[in-house]
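With PDB, C-alpha atoms inside, this is start.pdb:
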ATOM      1  CA  MET B   8      -1.665 -23.140  16.662
ATOM      2  CA  THR B   9      -5.141 -21.679  16.306
ATOM      3  CA  SER B  10      -5.863 -18.913  13.870
ATOM      4  CA  CYS B  11      -7.570 -16.546  16.294
ATOM      5  CA  PRO B  12      -4.381 -15.388  18.061
ATOM      6  CA  ILE B  13      -2.722 -14.822  14.690
ATOM      7  CA  LEU B  14      -5.532 -12.692  13.388
ATOM      8  CA  ARG B  15      -5.920 -10.891  16.719
ATOM      9  CA  GLU B  16      -2.228  -9.931  16.647
ATOM     10  CA  ILE B  17      -2.503  -8.718  13.055
ATOM     11  CA  ARG B  18      -5.572  -6.679  13.906
ATOM     12  CA  GLU B  19      -3.910  -5.159  16.991
ATOM     13  CA  ILE B  20      -0.850  -4.107  15.021
ATOM     14  CA  SER B  21      -3.044  -2.875  12.166
ATOM     15  CA  SER B  22      -5.129  -0.812  14.576
ATOM     16  CA  GLU B  23      -1.967   0.679  16.048
ATOM     17  CA  LEU B  24      -0.763   1.616  12.579
ATOM     18  CA  ARG B  25      -4.055   3.307  11.724
ATOM     19  CA  LEU B  26      -4.063   5.240  14.985
ATOM     20  CA  ALA B  27      -0.430   6.244  14.565
ATOM     21  CA  ARG B  28      -1.101   7.531  11.066
ATOM     22  CA  GLN B  29      -4.204   9.426  12.185
ATOM     23  CA  SER B  30      -2.575  11.027  15.206
ATOM     24  CA  GLY B  31       0.903  11.474  13.760
ATOM     25  CA  THR B  32       2.423   9.376  16.556
ATOM     26  CA  CYS B  33       4.031   5.990  16.531
ATOM     27  CA  PHE B  34       3.470   3.571  19.390
ATOM     28  CA  THR B  35       6.325   1.471  20.651
ATOM     29  CA  ASN B  36       4.196  -1.362  21.980
ATOM     30  CA  HIS B  37       0.714  -2.837  21.957
ATOM     31  CA  GLU B  38      -0.115  -1.631  25.464
ATOM     32  CA  GLU B  39       0.372   2.033  24.575
ATOM     33  CA  ALA B  40      -1.840   1.664  21.523
ATOM     34  CA  ALA B  41      -4.460  -0.283  23.469
ATOM     35  CA  ASP B  42      -4.644   2.527  26.015
ATOM     36  CA  GLU B  43      -4.920   5.097  23.242
ATOM     37  CA  ARG B  44      -7.717   3.240  21.487
ATOM     38  CA  GLY B  45      -9.603   2.460  24.683
ATOM     39  CA  GLN B  46      -9.106  -1.291  24.267
ATOM     40  CA  HIS B  47     -11.045  -1.155  20.986
ATOM     41  CA  GLN B  48     -10.810  -4.452  19.145
ATOM     42  CA  ARG B  49     -11.318  -4.199  15.414
ATOM     43  CA  HIS B  50     -14.417  -6.173  14.475
ATOM     44  CA  GLU B  51     -13.590  -9.148  16.681
ATOM     45  CA  GLY B  52     -16.566 -11.272  17.647
ATOM     46  CA  VAL B  53     -19.037  -9.308  15.554
ATOM     47  CA  LYS B  54     -21.801 -11.690  14.556
ATOM     48  CA  GLN B  55     -22.990  -9.753  11.531
ATOM     49  CA  LEU B  56     -21.889  -6.440  10.136
ATOM     50  CA  SER B  57     -24.323  -4.346   8.223
ATOM     51  CA  GLY B  58     -24.583  -0.879   6.801
ATOM     52  CA  LYS B  59     -21.832   1.510   7.784
ATOM     53  CA  ASP B  60     -20.124  -1.032  10.099
ATOM     54  CA  GLN B  61     -19.609  -3.402   7.189
ATOM     55  CA  TYR B  62     -18.021  -0.698   5.071
ATOM     56  CA  GLN B  63     -15.920   0.580   7.964
ATOM     57  CA  ARG B  64     -14.439  -2.876   8.364
ATOM     58  CA  ILE B  65     -13.548  -2.936   4.673
ATOM     59  CA  ARG B  66     -11.974   0.539   4.897
ATOM     60  CA  ASP B  67     -10.003  -0.519   7.978
ATOM     61  CA  ASP B  68      -8.762  -3.628   6.189
ATOM     62  CA  HIS B  69      -7.729  -1.604   3.144
ATOM     63  CA  ALA B  70      -5.855   0.865   5.361
ATOM     64  CA  THR B  71      -3.495  -1.851   6.586
ATOM     65  CA  GLU B  72      -3.241  -3.910   3.401
ATOM     66  CA  LEU B  73      -0.184  -2.120   2.056
ATOM     67  CA  ALA B  74       1.784  -2.420   5.297
ATOM     68  CA  GLU B  75       0.929  -6.113   5.543
ATOM     69  CA  ASP B  76       1.931  -6.736   1.921
ATOM     70  CA  TYR B  77       5.236  -4.904   2.339
ATOM     71  CA  VAL B  78       6.352  -6.560   5.572
ATOM     72  CA  GLU B  79       5.372  -9.936   4.123
ATOM     73  CA  ALA B  80       7.376  -9.220   0.949
ATOM     74  CA  ILE B  81      10.377  -7.903   2.915
ATOM     75  CA  ALA B  82      10.432 -11.089   5.010
ATOM     76  CA  GLU B  83      10.202 -13.268   1.884
ATOM     77  CA  VAL B  84      12.994 -11.365   0.101
ATOM     78  CA  ILE B  85      15.237 -11.557   3.178
ATOM     79  CA  ASP B  86      14.580 -15.318   3.403
ATOM     80  CA  GLU B  87      15.535 -15.745  -0.264
ATOM     81  CA  ASN B  88      18.429 -13.260  -0.580
ATOM     82  CA  ASP B  89      19.533 -12.601   3.033
ATOM     83  CA  VAL B  90      18.917  -8.872   2.394
ATOM     84  CA  CYS B  91      16.110  -6.728   1.020
ATOM     85  CA  ARG B  92      16.727  -3.588  -0.986
ATOM     86  CA  VAL B  93      14.396  -1.039  -2.530
ATOM     87  CA  THR B  94      15.038  -2.524  -5.971
ATOM     88  CA  ASP B  95      13.933  -5.961  -4.732
ATOM     89  CA  LEU B  96      10.601  -4.565  -3.572
ATOM     90  CA  ALA B  97      10.133  -2.481  -6.718
ATOM     91  CA  GLU B  98      10.598  -5.617  -8.787
ATOM     92  CA  HIS B  99       8.390  -7.698  -6.470
ATOM     93  CA  PHE B 100       5.454  -5.269  -6.635
ATOM     94  CA  GLY B 101       6.053  -3.990 -10.164
ATOM     95  CA  VAL B 102       6.280  -0.366  -9.028
ATOM     96  CA  SER B 103       8.922   2.356  -9.226
ATOM     97  CA  HIS B 104      11.687   2.660  -6.673
ATOM     98  CA  VAL B 105      10.239   6.063  -5.700
ATOM     99  CA  THR B 106       6.936   4.385  -4.755
ATOM    100  CA  VAL B 107       8.824   1.860  -2.627
ATOM    101  CA  ILE B 108      10.924   4.567  -0.941
ATOM    102  CA  ARG B 109       7.803   6.518   0.033
ATOM    103  CA  ALA B 110       6.107   3.411   1.417
ATOM    104  CA  VAL B 111       9.217   2.276   3.303
ATOM    105  CA  ARG B 112       9.601   5.732   4.902
ATOM    106  CA  ARG B 113       6.019   5.502   6.138
ATOM    107  CA  PHE B 114       6.625   2.014   7.532
ATOM    108  CA  GLU B 115       9.812   3.226   9.202
ATOM    109  CA  ARG B 116       7.806   6.001  10.850
ATOM    110  CA  ASP B 117       5.253   3.387  11.942
ATOM    111  CA  GLY B 118       7.987   1.269  13.534
ATOM    112  CA  LEU B 119       7.819  -1.681  11.133
ATOM    113  CA  VAL B 120      11.149  -1.326   9.324
ATOM    114  CA  LYS B 121      14.588   0.105   9.927
ATOM    115  CA  VAL B 122      16.396   1.798   7.060
ATOM    116  CA  GLU B 123      19.856   3.324   7.003
ATOM    117  CA  GLN B 124      21.135   5.190   3.942
ATOM    118  CA  ASN B 125      22.674   2.799   1.392
ATOM    119  CA  GLU B 126      21.876  -0.193   3.605
ATOM    120  CA  PRO B 127      19.333  -3.012   3.188
ATOM    121  CA  ILE B 128      15.821  -2.703   4.607
ATOM    122  CA  GLU B 129      15.391  -4.535   7.906
ATOM    123  CA  LEU B 130      12.220  -5.484   9.730
ATOM    124  CA  THR B 131      11.910  -4.339  13.318
ATOM    125  CA  GLN B 132      10.698  -6.894  15.844
ATOM    126  CA  ARG B 133       7.201  -5.498  15.401
ATOM    127  CA  GLY B 134       7.511  -5.693  11.603
ATOM    128  CA  ALA B 135       8.808  -9.260  11.796
ATOM    129  CA  GLU B 136       5.895 -10.267  14.037
ATOM    130  CA  LEU B 137       3.409  -8.748  11.625
ATOM    131  CA  ALA B 138       5.120 -10.413   8.655
ATOM    132  CA  ASP B 139       5.073 -13.795  10.383
ATOM    133  CA  ALA B 140       1.390 -13.470  11.251
ATOM    134  CA  CYS B 141       0.536 -12.344   7.697
ATOM    135  CA  LEU B 142       2.479 -15.220   6.163
ATOM    136  CA  ARG B 143       0.669 -17.744   8.362
ATOM    137  CA  ARG B 144      -2.724 -16.211   7.571
ATOM    138  CA  HIS B 145      -1.878 -16.174   3.849
ATOM    139  CA  GLN B 146      -0.906 -19.846   4.005
ATOM    140  CA  ILE B 147      -4.181 -20.795   5.699
ATOM    141  CA  VAL B 148      -6.243 -19.006   3.034
ATOM    142  CA  TYR B 149      -4.125 -20.507   0.245
ATOM    143  CA  GLU B 150      -4.441 -24.049   1.612
ATOM    144  CA  PHE B 151      -8.191 -23.559   2.040
ATOM    145  CA  LEU B 152      -8.585 -22.534  -1.595
ATOM    146  CA  LEU B 153      -6.515 -25.521  -2.717
ATOM    147  CA  ALA B 154      -8.674 -27.820  -0.567
ATOM    148  CA  LEU B 155     -11.715 -26.465  -2.397
ATOM    149  CA  GLY B 156     -10.131 -27.523  -5.674
ATOM    150  CA  VAL B 157      -8.984 -24.101  -6.880
ATOM    151  CA  ALA B 158      -5.957 -24.249  -9.208
ATOM    152  CA  GLU B 159      -2.631 -23.353  -7.559
ATOM    153  CA  LYS B 160      -2.034 -20.207  -9.620
ATOM    154  CA  THR B 161      -5.563 -18.925  -9.012
ATOM    155  CA  ALA B 162      -5.414 -19.836  -5.318
ATOM    156  CA  ALA B 163      -2.152 -17.903  -4.938
ATOM    157  CA  ALA B 164      -3.618 -14.788  -6.568
ATOM    158  CA  ASP B 165      -6.926 -14.992  -4.702
ATOM    159  CA  ALA B 166      -5.286 -15.648  -1.333
ATOM    160  CA  GLU B 167      -3.340 -12.415  -1.743
ATOM    161  CA  GLY B 168      -6.565 -10.419  -1.732
ATOM    162  CA  ILE B 169      -8.693 -12.508   0.610
ATOM    163  CA  GLU B 170      -6.088 -12.659   3.373
ATOM    164  CA  HIS B 171      -6.591  -8.987   4.196
ATOM    165  CA  HIS B 172     -10.340  -9.230   4.656
ATOM    166  CA  VAL B 173     -10.946 -12.559   6.350
ATOM    167  CA  SER B 174     -12.409 -12.465   9.857
ATOM    168  CA  SER B 175     -11.032 -14.508  12.742
ATOM    169  CA  GLU B 176     -14.161 -16.670  12.701
ATOM    170  CA  THR B 177     -13.800 -17.411   8.995
ATOM    171  CA  LEU B 178     -10.082 -18.099   9.375
ATOM    172  CA  LYS B 179     -10.799 -20.529  12.185
ATOM    173  CA  HIS B 180     -13.298 -22.414  10.006
ATOM    174  CA  MET B 181     -10.886 -22.416   7.064
ATOM    175  CA  THR B 182      -8.218 -23.956   9.287
ATOM    176  CA  ARG B 183     -10.630 -26.608  10.546
ATOM    177  CA  PHE B 184     -11.770 -27.407   6.993
ATOM    178  CA  VAL B 185      -8.190 -27.808   5.746
ATOM    179  CA  ARG B 186      -7.292 -30.087   8.675
ATOM    180  CA  GLN B 187     -10.350 -32.252   8.055
ATOM    181  CA  ARG B 188      -9.575 -32.448   4.338
ATOM    182  CA  LYS B 189      -5.979 -33.479   5.052
ATOM    183  CA  GLN B 190      -7.147 -36.139   7.520
ATOM    184  CA  GLU B 191      -9.597 -37.509   4.955
ATOM    185  CA  GLN B 192      -6.850 -37.717   2.345
ATOM    186  CA  THR B 193      -4.494 -39.623   4.668
ATOM    187  CA  SER B 194      -7.178 -42.076   5.816
TER     188      SER B 194
END
Could you quickly redo this structure as structure tokens?
Amino acid sequence: MTSCPILREIREISSELRLARQSGTCFTNHEEAADERGQHQRHEGVKQLSGKDQYQRIRDDHATELAEDYVEAIAEVIDENDVCRVTDLAEHFGVSHVTVIRAVRRFERDGLVKVEQNEPIELTQRGAELADACLRRHQIVYEFLLALGVAEKTAAADAEGIEHHVSSETLKHMTRFVRQRKQEQTS
């Protein structure tokens, strides 16, 4: 699987989330959001960003970072424990349960999670798709850093930050580099 579709999907969902937050609406599918944003693709295919465009990209990436981190964490906790509760996320992120509750309510409004009182947190289909794409992107960045010779612990910490800001072009090259490195090691 190539990295471009993964990153494109993440960026589409992220754009929808930003638009939903700005307008106070929540889109139920990608087509509605695409119509709303006039088919705007977030920084795809941009050869070089400079000035305000460069900083806008960074602000856009930061705006979706929290949602990506949470859906990724929810998916991981569900994989490990079969359920995900507020306390699991509070422990995972090292924040208070109140912080988690506020974030989860926002993600519920954005259509990423489903929460019933006194029940575990569940990912919606859209949330699960975003989590899957984020996990794959994270893995690519992590494997790239390991291939460069970065220590596992450092690579894990750095991948967590880099994954939110890597362009589709860079991700594609990272994937290619990792594949080549693996082929060299098996030859």
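Distance check against Asp117 of chain B using only C-alpha atoms: of B:Gln146, B:Ser103, B:Thr71, B:Ser175, the minimum falls on B:Thr71.
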Point-to-point distance in Å for atom CA of Glu150 of chain B and atom CA of His171 of chain B: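 Calculated distance between atom CA of His171 of chain B and atom CA of Glu150 of chain B is 15.4 Å.
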Given the file shown, determine the residues that the PyMOL selection byres ((chain B and resi 104-113) around 9) selects; report them as a short mmCIF file (atom, residue, chain, number, x, y, z; two decimals) with C-alpha atoms, in the coordinates of the input.
data_model
loop_
_atom_site.label_atom_id
_atom_site.label_comp_id
_atom_site.auth_asym_id
_atom_site.auth_seq_id
_atom_site.Cartn_x
_atom_site.Cartn_y
_atom_site.Cartn_z
CA ARG B 28 -1.10 7.53 11.07
CA LEU B 73 -0.18 -2.12 2.06
CA ALA B 74 1.78 -2.42 5.30
CA TYR B 77 5.24 -4.90 2.34
CA VAL B 93 14.40 -1.04 -2.53
CA THR B 94 15.04 -2.52 -5.97
CA LEU B 96 10.60 -4.57 -3.57
CA ALA B 97 10.13 -2.48 -6.72
CA GLU B 98 10.60 -5.62 -8.79
CA PHE B 100 5.45 -5.27 -6.64
CA VAL B 102 6.28 -0.37 -9.03
CA SER B 103 8.92 2.36 -9.23
CA PHE B 114 6.62 2.01 7.53
CA GLU B 115 9.81 3.23 9.20
CA ARG B 116 7.81 6.00 10.85
CA ASP B 117 5.25 3.39 11.94
CA GLY B 118 7.99 1.27 13.53
CA LEU B 119 7.82 -1.68 11.13
CA VAL B 120 11.15 -1.33 9.32
CA LYS B 121 14.59 0.10 9.93
CA VAL B 122 16.40 1.80 7.06
CA ILE B 128 15.82 -2.70 4.61
#
Tell me, in Å to one decimal, how far atom CA of Glu75 of chain B is from atom CA of Gln187 of chain B. 28.6 Å
Identify all residues satisfying the PyMOL selection byres ((chain B and resi 136-142) around 7) in the given file; provide them as a ChimeraX atom specification. /B:13,17,75,78-79,82,132-135,143-146
With all atoms listed in the file as the atoms that count, which of B:Leu178, B:Ile147, B:Leu130, B:Ala158 lies nearest to Ile81 of chain B?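 That would be B:Leu130, the residue with the smallest distance to Ile81 of chain B.
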Which neighbours of Lys189 of chain B fall inside 12 Å, counting only C-alpha atoms, when residues of the same chain fewer than 2 positions from it are skipped, and could you give them as a list in words?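 What passes the distance filter is Glu150, Phe151, Leu153, Ala154, Leu155, Thr182, Arg183, Phe184, Val185, Arg186, Gln187, Glu191, Gln192, Thr193 and Ser194 of chain B.
The coordinates place atom CA of Ala80 of chain B at 23.3 Å from atom CA of Met181 of chain B.
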Selection: 6 Å around segment 162-169 of chain B, all atoms listed in the file, excl. self and same-chain fewer than 5 positions, as a list in words: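 Near segment 162-169 of chain B, the qualifying residues are Val148, Tyr149, Leu152 and Val157 of chain B.
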Calculate, to one decimal in Å, the centre and edge lengths of the box along x, y and z of the file that holds all listed atoms of segment 182-186 of chain B with 5 Å of margin on each side, and present them as lines of an AutoDock Vina configuration file.
center_x = -9.5
center_y = -27.0
center_z = 8.1
size_x = 14.5
size_y = 16.1
size_z = 14.8
Which one of B:Glu176, B:Glu170, B:Glu159, B:Glu129 sits closest to Cys91 of chain B if you count all atoms listed in the file? B:Glu129
